[in-house]
Protein chains: 2
Amino acid sequence: MTSLVCPNPFEESGRVLLAHGGGGRLMHRLIESVFRPALGNATDLDAAVLPPTNGRLAFTTDSFVIKPLFFPGGDIGSLAVHGTVNDLAMMGARPLWLSVGFILEEGLPLETLKRIVASMRQAAQAANVQVVVGDTKVVEHGRCDGLYVNTSGIGVLGHDRVLGPQAVREGDAILLSGDVGRHGIAVLAARNELEFEVPVRSDSASLSQPVLDLLEAGVEVHCLRDLTRGGLATALVEIARSSALHLHIHEESVPVQDAVRGACELLGFDPLYVANEGCMVVILPEAEAERALTRLRQHEVTAQAVRIGTVLADPPGAVTTTTALGSRRVLDMLSGEQLPRIC
Amino acid sequence: MTSLVCPNPFEESGRVLLAHGGGGRLMHRLIESVFRPALGNATDLDAAVLPPTNGRLAFTTDSFVIKPLFFPGGDIGSLAVHGTVNDLAMMGARPLWLSVGFILEEGLPLETLKRIVASMRQAAQAANVQVVVGDTKVVEHGRCDGLYVNTSGIGVLGHDRVLGPQAVREGDAILLSGDVGRHGIAVLAARNELEFEVPVRSDSASLSQPVLDLLEAGVEVHCLRDLTRGGLATALVEIARSSALHLHIHEESVPVQDAVRGACELLGFDPLYVANEGCMVVILPEAEAERALTRLRQHEVTAQAVRIGTVLADPPGAVTTTTALGSRRVLDMLSGEQLPRIC
């Protein structure tokens, strides 16, 4: 007896069909032709079995709805991997395993999906994580925007410290790992087909290596926070509120690429609020600052690390900056976001 | 210094706004007013830290795009929890932790979101799992269908057996934990506002308790598979192919509610292919079948458990049924799905 496989004319369209999400033969072919070659056998399992781990686990989830799917410096696939890896790294965890859940729009070219999946594989390999389980759903044309992807991740903590705002102390130094605003501006340019004189590339990247390096060298890190939606300002406000301390930074010391600064001036954005996807704040004791900067600068992704400020006591929950003109201003959270759908 | 909170007229609309996904103040208010009361503090963390575990882990992910969001017997929230819990249970794992990633459509009433989140909480409590981390994104009106949700889950395996098709042996008994087709028909009825004489309720439920009970009692289970997209037939075909054995069932022994059978006849569906969300196949040695049935029948969700067939050797990869008329038919996978977007 042979299995009853009839040729299906719809399969030849090179596009995602509703039937690709039905759990039947077409879904299996999609898995075999697109997901398995890039991501391995895992992507059609309902659940993965993982080896026992030593130490506490970190667990995170992110859905990505970025528009457009491709932008200078990355795409929704690499962005999803970096975002999830970075969330784990910010807990001081070693990222190990990822899940991937796709929501595909009927009509999406299979070639587009293949490019994105290949980019995920590359980002996962570079960040030393494995995609171990996946899921695919398809919705009708017009009920999604090409594709959305969820990545969840598991990491292992090799230490018993608790990193986070609650560990921040008065007098701590505030470091920044790189220049701000590139991701938001790169996505905005791609979305609106703007051309800047000097093109801006997203900073989307894994921060896992420099973080593990700091921790393994025994640097006493108090708090790590990657800059995503809401940018540097929002990250600092969240830390200030949770720690009930006052974070003060020197605006001039925050690196901003000329092209990003120019685009922000043109468009009326404040670069301190524009998203990054490969940049973090590191808060640690004053005495550890130089050692941390030296180590961070050895990694390409954090080569531009600088000190930008200091943790003060009062007023609790506030973030202030000294501007280039020497005046002070208060940074608060925006109500929403200057640029929607940048991740 | 006080924080600069101005009243925002848009917040009074009672609907999801694009700005709710921006990482700013509105997103924090959404978390505080909707997610935190139901799901706890975890839902605004970038990553959760979990205690060390003994034994191997199971890890799973599922995105849910069911339409409509509410149906007799559940909604997208309870369905997501049950689906993820069941994927873990099918590996023989004890489900422990869930992540939740929302993609919300601009304009979704906040009351709808609250109902769904409350339903997730209830389902999670009943299944004894904790939602430990979350994420929220918002897309423009028309770029989603109310809301999509991804749930990923971590469970712990308390044994060192490997459950799955590779453990299935010739001569094994095939059990079914309940009646088939209810979820698909309930969703279809809700979508099309069909009224059947006897209303059909989805079987959406957690199968974790009966599975853990079987394993803790030392029943030698070879393979578990919950019936979702593609129904009983697709689950059996997948097991037959992966195990390279022949699964034979007696169609008459498969329980189908009269109302489901009637709806299937009316609509031209085969109940063996219609989705369930709280029903599973259990494959184990013939000698264990009675003991397993007795245990399963003690749990409400598997109270109707029956034996439906036997694993044979040849032809490998085939699924056959003996029909009510005594003839044989071959079950194959459908190309797509009879009913799209049922999960």
# chains A, B, ... in the order shown; residues from 1 in each chain; ligands from 1
$ interface_residues --of "chain B" --to "chain A" --cutoff "6 Å" --atoms "only C-alpha atoms" --output "PyMOL selection string"
chain B and resi 19+22-26+46-52+55-60+62-63+87+101+135+143-145+229-230+333-337
$ write_last_selection --atoms "N, CA and C atoms" --output "short mmCIF file (atom, residue, chain, number, x, y, z; two decimals), in the first residue's frame"
data_model
loop_
_atom_site.label_atom_id
_atom_site.label_comp_id
_atom_site.auth_asym_id
_atom_site.auth_seq_id
_atom_site.Cartn_x
_atom_site.Cartn_y
_atom_site.Cartn_z
N ALA B 19 -0.72 52.94 20.75
CA ALA B 19 0.22 53.41 21.76
C ALA B 19 0.33 52.45 22.95
N GLY B 22 3.57 50.52 22.78
CA GLY B 22 4.79 51.29 22.55
C GLY B 22 5.85 51.20 23.62
N GLY B 23 5.58 50.49 24.69
CA GLY B 23 6.59 50.39 25.74
C GLY B 23 6.56 51.56 26.69
N GLY B 24 5.64 52.49 26.50
CA GLY B 24 5.59 53.67 27.34
C GLY B 24 4.55 53.57 28.45
N ARG B 25 4.04 54.75 28.82
CA ARG B 25 3.15 54.83 29.98
C ARG B 25 1.85 54.06 29.75
N LEU B 26 1.31 54.17 28.53
CA LEU B 26 0.05 53.48 28.26
C LEU B 26 0.22 51.97 28.36
N ASP B 46 10.80 41.24 31.56
CA ASP B 46 11.39 40.82 30.30
C ASP B 46 11.70 39.33 30.33
N ALA B 47 12.08 38.85 31.49
CA ALA B 47 12.35 37.42 31.64
C ALA B 47 12.10 37.03 33.08
N ALA B 48 11.66 35.79 33.28
CA ALA B 48 11.40 35.29 34.62
C ALA B 48 12.57 34.42 35.05
N VAL B 49 12.88 34.43 36.34
CA VAL B 49 13.87 33.51 36.87
C VAL B 49 13.13 32.39 37.58
N LEU B 50 13.45 31.17 37.23
CA LEU B 50 12.73 30.00 37.74
C LEU B 50 13.68 29.16 38.57
N PRO B 51 13.15 28.48 39.57
CA PRO B 51 14.02 27.67 40.43
C PRO B 51 14.63 26.49 39.67
N PRO B 52 15.74 25.94 40.15
CA PRO B 52 16.34 24.78 39.50
C PRO B 52 15.35 23.61 39.53
N GLY B 55 15.61 16.75 36.81
CA GLY B 55 15.16 15.99 35.65
C GLY B 55 15.15 16.80 34.38
N ARG B 56 14.84 16.10 33.30
CA ARG B 56 14.82 16.75 31.99
C ARG B 56 13.63 17.71 31.90
N LEU B 57 13.75 18.66 30.96
CA LEU B 57 12.67 19.62 30.75
C LEU B 57 11.93 19.30 29.46
N ALA B 58 10.66 19.66 29.41
CA ALA B 58 9.93 19.67 28.14
C ALA B 58 9.59 21.13 27.84
N PHE B 59 9.67 21.50 26.56
CA PHE B 59 9.51 22.90 26.14
C PHE B 59 8.62 22.90 24.90
N THR B 60 7.60 23.74 24.90
CA THR B 60 6.67 23.75 23.77
C THR B 60 6.19 25.16 23.48
N ASP B 62 2.98 27.36 21.08
CA ASP B 62 1.81 27.35 20.20
C ASP B 62 1.30 28.75 20.04
N SER B 63 0.99 29.13 18.80
CA SER B 63 0.29 30.38 18.57
C SER B 63 -1.18 30.06 18.31
N ASP B 87 0.38 19.80 25.25
CA ASP B 87 1.62 19.45 24.52
C ASP B 87 2.69 18.95 25.49
N GLY B 101 2.32 35.65 25.05
CA GLY B 101 2.61 36.77 24.16
C GLY B 101 1.35 37.18 23.41
N ASP B 135 4.32 39.34 27.15
CA ASP B 135 4.72 40.35 26.18
C ASP B 135 3.47 40.83 25.45
N ARG B 143 -4.99 44.54 10.85
CA ARG B 143 -3.76 43.77 10.66
C ARG B 143 -3.71 42.55 11.58
N CYS B 144 -4.85 42.21 12.15
CA CYS B 144 -4.96 41.09 13.08
C CYS B 144 -6.45 40.84 13.16
N ASP B 145 -6.89 39.89 13.97
CA ASP B 145 -8.31 39.60 14.00
C ASP B 145 -8.77 39.61 15.45
N ARG B 229 -5.52 19.87 15.37
CA ARG B 229 -5.79 20.04 13.94
C ARG B 229 -5.70 18.70 13.21
N GLY B 230 -6.69 18.38 12.40
CA GLY B 230 -6.65 17.13 11.64
C GLY B 230 -7.28 15.96 12.38
N MET B 333 -3.73 11.42 5.69
CA MET B 333 -3.83 12.82 6.08
C MET B 333 -4.61 13.59 5.05
N LEU B 334 -5.39 14.56 5.49
CA LEU B 334 -5.97 15.48 4.52
C LEU B 334 -4.85 16.35 3.97
N SER B 335 -5.12 16.99 2.84
CA SER B 335 -4.13 17.91 2.29
C SER B 335 -4.00 19.12 3.21
N GLY B 336 -5.11 19.73 3.53
CA GLY B 336 -5.07 20.88 4.42
C GLY B 336 -5.88 20.60 5.67
N GLU B 337 -6.97 21.29 5.82
CA GLU B 337 -7.81 21.16 7.01
C GLU B 337 -9.23 21.45 6.57
#
$ select_by_dssp --residues "stretch 120-230 of chain A" --states "strand (DSSP E)" --output "list in words"
Gln130, Val131, Val132, Val133, Gly134, Asp135, Thr136, Lys137, Val138, Val139, Leu147, Tyr148, Val149, Asn150, Thr151, Ser152, Gly153, Ile154, Gly155, Val156, Leu157, Ala173, Ile174, Leu175, Leu176, Cys223, Leu224, Arg225 and Asp226 of chain A
$ residues_around --residues "A:Ala289" --least-positions-apart "5" --cutoff "8 Å" --atoms "only C-alpha atoms" --output "PyMOL selection string"
chain A and resi 173+175+284+307
$ residues_around --residues "B:Val34" --least-positions-apart "6" --cutoff "12 Å" --atoms "only C-alpha atoms" --output "mmCIF file with N, CA, C and O atoms, in the first residue's frame"
data_model
loop_
_atom_site.group_PDB
_atom_site.id
_atom_site.type_symbol
_atom_site.label_atom_id
_atom_site.label_comp_id
_atom_site.auth_asym_id
_atom_site.auth_seq_id
_atom_site.Cartn_x
_atom_site.Cartn_y
_atom_site.Cartn_z
ATOM 1 N N GLY B 14 -11.663 52.909 26.226
ATOM 2 C CA GLY B 14 -11.971 51.520 26.543
ATOM 3 C C GLY B 14 -11.544 50.553 25.463
ATOM 4 O O GLY B 14 -12.004 49.412 25.430
ATOM 5 N N ARG B 15 -10.669 51.010 24.585
ATOM 6 C CA ARG B 15 -10.211 50.146 23.500
ATOM 7 C C ARG B 15 -8.689 50.139 23.449
ATOM 8 O O ARG B 15 -8.038 51.060 23.928
ATOM 9 N N VAL B 16 -8.170 49.102 22.815
ATOM 10 C CA VAL B 16 -6.727 49.025 22.633
ATOM 11 C C VAL B 16 -6.293 50.051 21.590
ATOM 12 O O VAL B 16 -6.917 50.175 20.534
ATOM 13 N N HIS B 20 -0.669 51.563 23.116
ATOM 14 C CA HIS B 20 -0.582 50.568 24.185
ATOM 15 C C HIS B 20 0.569 49.598 23.959
ATOM 16 O O HIS B 20 0.979 48.882 24.860
ATOM 17 N N LEU B 26 1.309 54.170 28.528
ATOM 18 C CA LEU B 26 0.047 53.480 28.257
ATOM 19 C C LEU B 26 0.223 51.972 28.364
ATOM 20 O O LEU B 26 -0.657 51.265 28.846
ATOM 21 N N MET B 27 1.367 51.456 27.895
ATOM 22 C CA MET B 27 1.580 50.021 28.002
ATOM 23 C C MET B 27 1.678 49.608 29.464
ATOM 24 O O MET B 27 1.118 48.595 29.868
ATOM 25 N N HIS B 28 2.348 50.417 30.255
ATOM 26 C CA HIS B 28 2.433 50.081 31.676
ATOM 27 C C HIS B 28 1.055 50.099 32.329
ATOM 28 O O HIS B 28 0.754 49.284 33.193
ATOM 29 N N GLY B 40 -0.764 38.242 37.677
ATOM 30 C CA GLY B 40 0.300 38.447 38.658
ATOM 31 C C GLY B 40 1.383 39.367 38.140
ATOM 32 O O GLY B 40 1.322 39.894 37.038
ATOM 33 N N ASN B 41 2.400 39.535 38.970
ATOM 34 C CA ASN B 41 3.449 40.508 38.697
ATOM 35 C C ASN B 41 4.312 40.165 37.502
ATOM 36 O O ASN B 41 5.033 40.995 36.994
ATOM 37 N N THR B 43 3.879 39.529 34.460
ATOM 38 C CA THR B 43 3.598 39.806 33.061
ATOM 39 C C THR B 43 4.273 41.056 32.507
ATOM 40 O O THR B 43 4.176 41.317 31.337
ATOM 41 N N ASP B 44 4.992 41.810 33.347
ATOM 42 C CA ASP B 44 5.743 42.904 32.751
ATOM 43 C C ASP B 44 7.243 42.687 32.843
ATOM 44 O O ASP B 44 8.017 43.590 32.577
ATOM 45 N N PRO B 109 -11.891 45.951 22.203
ATOM 46 C CA PRO B 109 -12.388 46.443 23.490
ATOM 47 C C PRO B 109 -11.570 45.865 24.646
ATOM 48 O O PRO B 109 -11.274 44.664 24.664
ATOM 49 N N LEU B 110 -11.196 46.728 25.590
ATOM 50 C CA LEU B 110 -10.422 46.249 26.737
ATOM 51 C C LEU B 110 -11.208 45.215 27.528
ATOM 52 O O LEU B 110 -10.632 44.316 28.139
ATOM 53 N N GLU B 111 -12.543 45.323 27.513
ATOM 54 C CA GLU B 111 -13.364 44.345 28.232
ATOM 55 C C GLU B 111 -13.183 42.948 27.646
ATOM 56 O O GLU B 111 -13.185 41.950 28.378
ATOM 57 N N THR B 112 -13.059 42.860 26.335
ATOM 58 C CA THR B 112 -12.836 41.565 25.690
ATOM 59 C C THR B 112 -11.507 40.984 26.157
ATOM 60 O O THR B 112 -11.412 39.806 26.521
ATOM 61 N N LEU B 113 -10.488 41.830 26.167
ATOM 62 C CA LEU B 113 -9.171 41.378 26.608
ATOM 63 C C LEU B 113 -9.227 40.907 28.062
ATOM 64 O O LEU B 113 -8.664 39.858 28.408
ATOM 65 N N LYS B 114 -9.948 41.654 28.895
ATOM 66 C CA LYS B 114 -10.041 41.273 30.311
ATOM 67 C C LYS B 114 -10.714 39.912 30.485
ATOM 68 O O LYS B 114 -10.297 39.099 31.306
ATOM 69 N N ARG B 115 -11.770 39.681 29.721
ATOM 70 C CA ARG B 115 -12.466 38.383 29.817
ATOM 71 C C ARG B 115 -11.519 37.246 29.448
ATOM 72 O O ARG B 115 -11.524 36.187 30.079
ATOM 73 N N ILE B 116 -10.741 37.473 28.402
ATOM 74 C CA ILE B 116 -9.846 36.417 27.914
ATOM 75 C C ILE B 116 -8.718 36.161 28.909
ATOM 76 O O ILE B 116 -8.349 35.016 29.181
ATOM 77 N N VAL B 117 -8.195 37.239 29.475
ATOM 78 C CA VAL B 117 -7.114 37.088 30.449
ATOM 79 C C VAL B 117 -7.637 36.378 31.706
ATOM 80 O O VAL B 117 -6.958 35.519 32.281
ATOM 81 N N ALA B 118 -8.859 36.703 32.109
ATOM 82 C CA ALA B 118 -9.448 36.033 33.277
ATOM 83 C C ALA B 118 -9.634 34.544 32.995
ATOM 84 O O ALA B 118 -9.420 33.693 33.875
ATOM 85 N N ARG B 121 -6.350 32.807 33.341
ATOM 86 C CA ARG B 121 -5.983 32.591 34.744
ATOM 87 C C ARG B 121 -6.678 31.367 35.306
ATOM 88 O O ARG B 121 -6.086 30.516 35.949
ATOM 89 N N THR B 136 3.433 42.105 25.106
ATOM 90 C CA THR B 136 2.281 42.677 24.402
ATOM 91 C C THR B 136 2.732 43.493 23.210
ATOM 92 O O THR B 136 3.593 44.353 23.344
#
$ closest_residue --among "B:Gly218, B:Gly171, B:Pro199, B:Pro271" --to "B:Leu312" --atoms "only C-alpha atoms"
B:Gly171
$ residues_around --residues "B:Leu194" --least-positions-apart "6" --cutoff "12 Å" --atoms "only C-alpha atoms" --output "list in words"
Phe71, Pro72, Ile185, Ala186, Val187, Leu188, Val200, Ala263, Leu266 and Leu267 of chain B
$ residues_around --residues "stretch 211-213 of chain B" --least-positions-apart "2" --cutoff "10 Å" --atoms "only C-alpha atoms" --output "ChimeraX atom specification"
/B:86,89-95,158,206-209,215-219,221,224,280,282,292,295-296,298-299,302
$ write_last_selection --atoms "N, CA, C and O atoms" --output "mmCIF file, in the first residue's frame"
data_model
loop_
_atom_site.group_PDB
_atom_site.id
_atom_site.type_symbol
_atom_site.label_atom_id
_atom_site.label_comp_id
_atom_site.auth_asym_id
_atom_site.auth_seq_id
_atom_site.Cartn_x
_atom_site.Cartn_y
_atom_site.Cartn_z
ATOM 1 N N ASN B 86 -1.327 20.604 27.327
ATOM 2 C CA ASN B 86 -1.469 19.264 26.746
ATOM 3 C C ASN B 86 -0.239 18.850 25.940
ATOM 4 O O ASN B 86 0.142 17.676 25.958
ATOM 5 N N ALA B 89 2.045 17.636 28.506
ATOM 6 C CA ALA B 89 1.568 16.367 29.084
ATOM 7 C C ALA B 89 1.829 15.204 28.136
ATOM 8 O O ALA B 89 2.144 14.092 28.576
ATOM 9 N N MET B 90 1.718 15.456 26.816
ATOM 10 C CA MET B 90 1.916 14.371 25.846
ATOM 11 C C MET B 90 3.356 13.860 25.841
ATOM 12 O O MET B 90 3.641 12.790 25.330
ATOM 13 N N MET B 91 4.291 14.644 26.365
ATOM 14 C CA MET B 91 5.672 14.163 26.526
ATOM 15 C C MET B 91 5.834 13.463 27.869
ATOM 16 O O MET B 91 6.938 13.056 28.227
ATOM 17 N N GLY B 92 4.759 13.373 28.637
ATOM 18 C CA GLY B 92 4.847 12.805 29.975
ATOM 19 C C GLY B 92 5.435 13.772 30.980
ATOM 20 O O GLY B 92 5.929 13.366 32.032
ATOM 21 N N ALA B 93 5.379 15.065 30.682
ATOM 22 C CA ALA B 93 5.956 16.081 31.575
ATOM 23 C C ALA B 93 4.887 16.667 32.491
ATOM 24 O O ALA B 93 3.713 16.726 32.127
ATOM 25 N N ARG B 94 5.315 17.126 33.644
ATOM 26 C CA ARG B 94 4.437 17.894 34.523
ATOM 27 C C ARG B 94 4.549 19.357 34.130
ATOM 28 O O ARG B 94 5.616 19.959 34.291
ATOM 29 N N PRO B 95 3.467 19.942 33.600
ATOM 30 C CA PRO B 95 3.529 21.347 33.169
ATOM 31 C C PRO B 95 3.701 22.259 34.380
ATOM 32 O O PRO B 95 3.014 22.090 35.387
ATOM 33 N N GLY B 158 9.410 13.629 35.175
ATOM 34 C CA GLY B 158 9.748 12.964 36.429
ATOM 35 C C GLY B 158 10.185 11.522 36.218
ATOM 36 O O GLY B 158 10.214 10.737 37.156
ATOM 37 N N SER B 206 -7.587 20.521 30.044
ATOM 38 C CA SER B 206 -6.235 20.018 30.344
ATOM 39 C C SER B 206 -6.271 18.511 30.534
ATOM 40 O O SER B 206 -7.108 17.975 31.255
ATOM 41 N N LEU B 207 -5.330 17.816 29.898
ATOM 42 C CA LEU B 207 -5.208 16.364 30.042
ATOM 43 C C LEU B 207 -4.077 15.995 31.001
ATOM 44 O O LEU B 207 -3.716 14.822 31.136
ATOM 45 N N SER B 208 -3.534 16.994 31.650
ATOM 46 C CA SER B 208 -2.343 16.767 32.463
ATOM 47 C C SER B 208 -2.582 15.810 33.629
ATOM 48 O O SER B 208 -1.787 14.900 33.875
ATOM 49 N N GLN B 209 -3.698 15.986 34.337
ATOM 50 C CA GLN B 209 -3.935 15.150 35.516
ATOM 51 C C GLN B 209 -4.020 13.658 35.187
ATOM 52 O O GLN B 209 -3.313 12.851 35.798
ATOM 53 N N LEU B 215 1.242 7.809 34.719
ATOM 54 C CA LEU B 215 2.693 7.650 34.838
ATOM 55 C C LEU B 215 3.092 7.368 36.280
ATOM 56 O O LEU B 215 3.953 6.531 36.543
ATOM 57 N N GLU B 216 2.413 8.065 37.209
ATOM 58 C CA GLU B 216 2.770 7.859 38.615
ATOM 59 C C GLU B 216 2.360 6.476 39.106
ATOM 60 O O GLU B 216 2.980 5.921 40.014
ATOM 61 N N ALA B 217 1.321 5.924 38.487
ATOM 62 C CA ALA B 217 0.900 4.561 38.849
ATOM 63 C C ALA B 217 1.808 3.516 38.195
ATOM 64 O O ALA B 217 1.631 2.321 38.405
ATOM 65 N N GLY B 218 2.769 3.970 37.397
ATOM 66 C CA GLY B 218 3.707 3.031 36.785
ATOM 67 C C GLY B 218 3.164 2.311 35.564
ATOM 68 O O GLY B 218 3.736 1.314 35.122
ATOM 69 N N VAL B 219 2.055 2.806 34.990
ATOM 70 C CA VAL B 219 1.541 2.205 33.761
ATOM 71 C C VAL B 219 2.581 2.444 32.653
ATOM 72 O O VAL B 219 3.083 3.562 32.496
ATOM 73 N N VAL B 221 3.344 3.429 29.556
ATOM 74 C CA VAL B 221 2.791 4.119 28.395
ATOM 75 C C VAL B 221 3.864 4.199 27.301
ATOM 76 O O VAL B 221 5.015 4.515 27.585
ATOM 77 N N LEU B 224 1.706 9.009 23.681
ATOM 78 C CA LEU B 224 0.515 9.830 23.934
ATOM 79 C C LEU B 224 0.427 10.856 22.815
ATOM 80 O O LEU B 224 1.441 11.409 22.405
ATOM 81 N N MET B 280 -7.168 12.515 23.803
ATOM 82 C CA MET B 280 -5.856 11.980 23.390
ATOM 83 C C MET B 280 -5.934 10.501 23.057
ATOM 84 O O MET B 280 -6.840 9.788 23.481
ATOM 85 N N VAL B 282 -3.821 7.029 23.565
ATOM 86 C CA VAL B 282 -2.824 6.434 24.454
ATOM 87 C C VAL B 282 -2.463 5.073 23.872
ATOM 88 O O VAL B 282 -3.352 4.243 23.656
ATOM 89 N N ALA B 292 -5.020 0.891 32.544
ATOM 90 C CA ALA B 292 -5.005 2.288 32.091
ATOM 91 C C ALA B 292 -6.430 2.817 31.946
ATOM 92 O O ALA B 292 -6.747 3.932 32.381
ATOM 93 N N ARG B 295 -7.975 3.651 35.288
ATOM 94 C CA ARG B 295 -7.456 4.912 35.851
ATOM 95 C C ARG B 295 -8.000 6.117 35.093
ATOM 96 O O ARG B 295 -8.398 7.113 35.688
ATOM 97 N N LEU B 296 -7.969 6.066 33.777
ATOM 98 C CA LEU B 296 -8.439 7.204 32.987
ATOM 99 C C LEU B 296 -9.889 7.529 33.311
ATOM 100 O O LEU B 296 -10.278 8.699 33.410
ATOM 101 N N GLN B 298 -11.422 7.447 35.929
ATOM 102 C CA GLN B 298 -11.623 8.140 37.206
ATOM 103 C C GLN B 298 -11.524 9.659 37.066
ATOM 104 O O GLN B 298 -11.846 10.387 38.003
ATOM 105 N N HIS B 299 -11.059 10.144 35.926
ATOM 106 C CA HIS B 299 -10.936 11.593 35.713
ATOM 107 C C HIS B 299 -12.055 12.057 34.793
ATOM 108 O O HIS B 299 -12.323 11.425 33.769
ATOM 109 N N THR B 302 -11.396 12.351 31.046
ATOM 110 C CA THR B 302 -11.134 11.113 30.300
ATOM 111 C C THR B 302 -12.088 10.003 30.742
ATOM 112 O O THR B 302 -11.774 8.812 30.616
#
$ atom_distance --atom1 "atom CA of B:Gln166" --atom2 "atom CA of B:Ser243"
5.2 Å
$ select_by_dssp --residues "stretch 78-276 of chain B" --states "alpha helix (DSSP H)" --output "PyMOL selection string"
chain B and resi 78-90+110-127+182-192+208-216+231-243+258-267
$ atom_distance --atom1 "atom CA of B:Leu236" --atom2 "atom CA of B:Val260"
20.4 Å
$ residues_around --residues "A:Ser204" --least-positions-apart "3" --cutoff "7 Å" --atoms "only C-alpha atoms" --output "JSON, numbers by chain"
{"A": [73, 74, 79, 82, 183, 277, 278]}
$ write_last_selection --atoms "N, CA and C atoms" --output "mmCIF file, in the first residue's frame"
data_model
loop_
_atom_site.group_PDB
_atom_site.id
_atom_site.type_symbol
_atom_site.label_atom_id
_atom_site.label_comp_id
_atom_site.auth_asym_id
_atom_site.auth_seq_id
_atom_site.Cartn_x
_atom_site.Cartn_y
_atom_site.Cartn_z
ATOM 1 N N GLY A 73 20.301 46.011 8.059
ATOM 2 C CA GLY A 73 20.895 45.455 9.274
ATOM 3 C C GLY A 73 20.148 44.261 9.829
ATOM 4 N N GLY A 74 19.057 43.839 9.176
ATOM 5 C CA GLY A 74 18.357 42.674 9.707
ATOM 6 C C GLY A 74 16.984 42.478 9.115
ATOM 7 N N LEU A 79 15.934 39.671 14.130
ATOM 8 C CA LEU A 79 15.483 40.528 15.232
ATOM 9 C C LEU A 79 14.858 39.702 16.357
ATOM 10 N N HIS A 82 17.624 37.867 18.252
ATOM 11 C CA HIS A 82 18.396 38.796 19.086
ATOM 12 C C HIS A 82 17.580 39.291 20.274
ATOM 13 N N HIS A 183 18.291 51.449 15.493
ATOM 14 C CA HIS A 183 17.251 50.513 15.040
ATOM 15 C C HIS A 183 15.987 51.254 14.602
ATOM 16 N N GLU A 277 18.240 47.690 19.346
ATOM 17 C CA GLU A 277 18.031 46.245 19.509
ATOM 18 C C GLU A 277 19.344 45.510 19.718
ATOM 19 N N GLY A 278 20.397 46.265 20.071
ATOM 20 C CA GLY A 278 21.670 45.606 20.328
ATOM 21 C C GLY A 278 22.523 46.474 21.236
#
$ atom_distance --atom1 "atom CA of A:His248" --atom2 "atom CA of A:Arg329"
9.9 Å
$ decode --residues "stretch 283-320 of chain A" --atoms "C-alpha atoms" --output "PDB file, in the first residue's frame"
ATOM      1  CA  ILE A 283      24.785  49.588  36.207  1.00  0.00           C
ATOM      2  CA  LEU A 284      27.513  48.569  38.644  1.00  0.00           C
ATOM      3  CA  PRO A 285      29.655  49.874  41.485  1.00  0.00           C
ATOM      4  CA  GLU A 286      31.799  52.886  40.608  1.00  0.00           C
ATOM      5  CA  ALA A 287      34.898  50.836  41.391  1.00  0.00           C
ATOM      6  CA  GLU A 288      34.000  48.243  38.735  1.00  0.00           C
ATOM      7  CA  ALA A 289      33.308  50.743  35.951  1.00  0.00           C
ATOM      8  CA  GLU A 290      36.725  50.874  34.301  1.00  0.00           C
ATOM      9  CA  ARG A 291      37.205  47.111  34.362  1.00  0.00           C
ATOM     10  CA  ALA A 292      33.778  46.590  32.840  1.00  0.00           C
ATOM     11  CA  LEU A 293      34.388  49.160  30.092  1.00  0.00           C
ATOM     12  CA  THR A 294      37.695  47.524  29.176  1.00  0.00           C
ATOM     13  CA  ARG A 295      36.031  44.130  28.841  1.00  0.00           C
ATOM     14  CA  LEU A 296      33.006  45.439  26.932  1.00  0.00           C
ATOM     15  CA  ARG A 297      35.218  47.260  24.433  1.00  0.00           C
ATOM     16  CA  GLN A 298      36.808  43.930  23.466  1.00  0.00           C
ATOM     17  CA  HIS A 299      33.525  42.803  21.873  1.00  0.00           C
ATOM     18  CA  GLU A 300      32.471  44.236  18.534  1.00  0.00           C
ATOM     19  CA  VAL A 301      28.856  44.745  19.579  1.00  0.00           C
ATOM     20  CA  THR A 302      29.871  46.751  22.670  1.00  0.00           C
ATOM     21  CA  ALA A 303      33.088  48.288  21.338  1.00  0.00           C
ATOM     22  CA  GLN A 304      31.816  51.829  21.905  1.00  0.00           C
ATOM     23  CA  ALA A 305      30.872  51.327  25.559  1.00  0.00           C
ATOM     24  CA  VAL A 306      31.033  54.520  27.612  1.00  0.00           C
ATOM     25  CA  ARG A 307      30.095  55.788  31.008  1.00  0.00           C
ATOM     26  CA  ILE A 308      27.074  58.075  30.790  1.00  0.00           C
ATOM     27  CA  GLY A 309      26.088  58.808  34.376  1.00  0.00           C
ATOM     28  CA  THR A 310      25.705  58.060  38.045  1.00  0.00           C
ATOM     29  CA  VAL A 311      23.036  56.792  40.397  1.00  0.00           C
ATOM     30  CA  LEU A 312      21.998  59.369  43.010  1.00  0.00           C
ATOM     31  CA  ALA A 313      19.566  59.121  45.882  1.00  0.00           C
ATOM     32  CA  ASP A 314      17.053  61.938  45.497  1.00  0.00           C
ATOM     33  CA  PRO A 315      14.532  62.507  44.108  1.00  0.00           C
ATOM     34  CA  PRO A 316      13.665  58.789  44.017  1.00  0.00           C
ATOM     35  CA  GLY A 317      12.290  57.506  40.712  1.00  0.00           C
ATOM     36  CA  ALA A 318      13.601  60.423  38.647  1.00  0.00           C
ATOM     37  CA  VAL A 319      15.834  60.466  35.600  1.00  0.00           C
ATOM     38  CA  THR A 320      17.624  63.699  34.814  1.00  0.00           C
TER      39      THR A 320
END
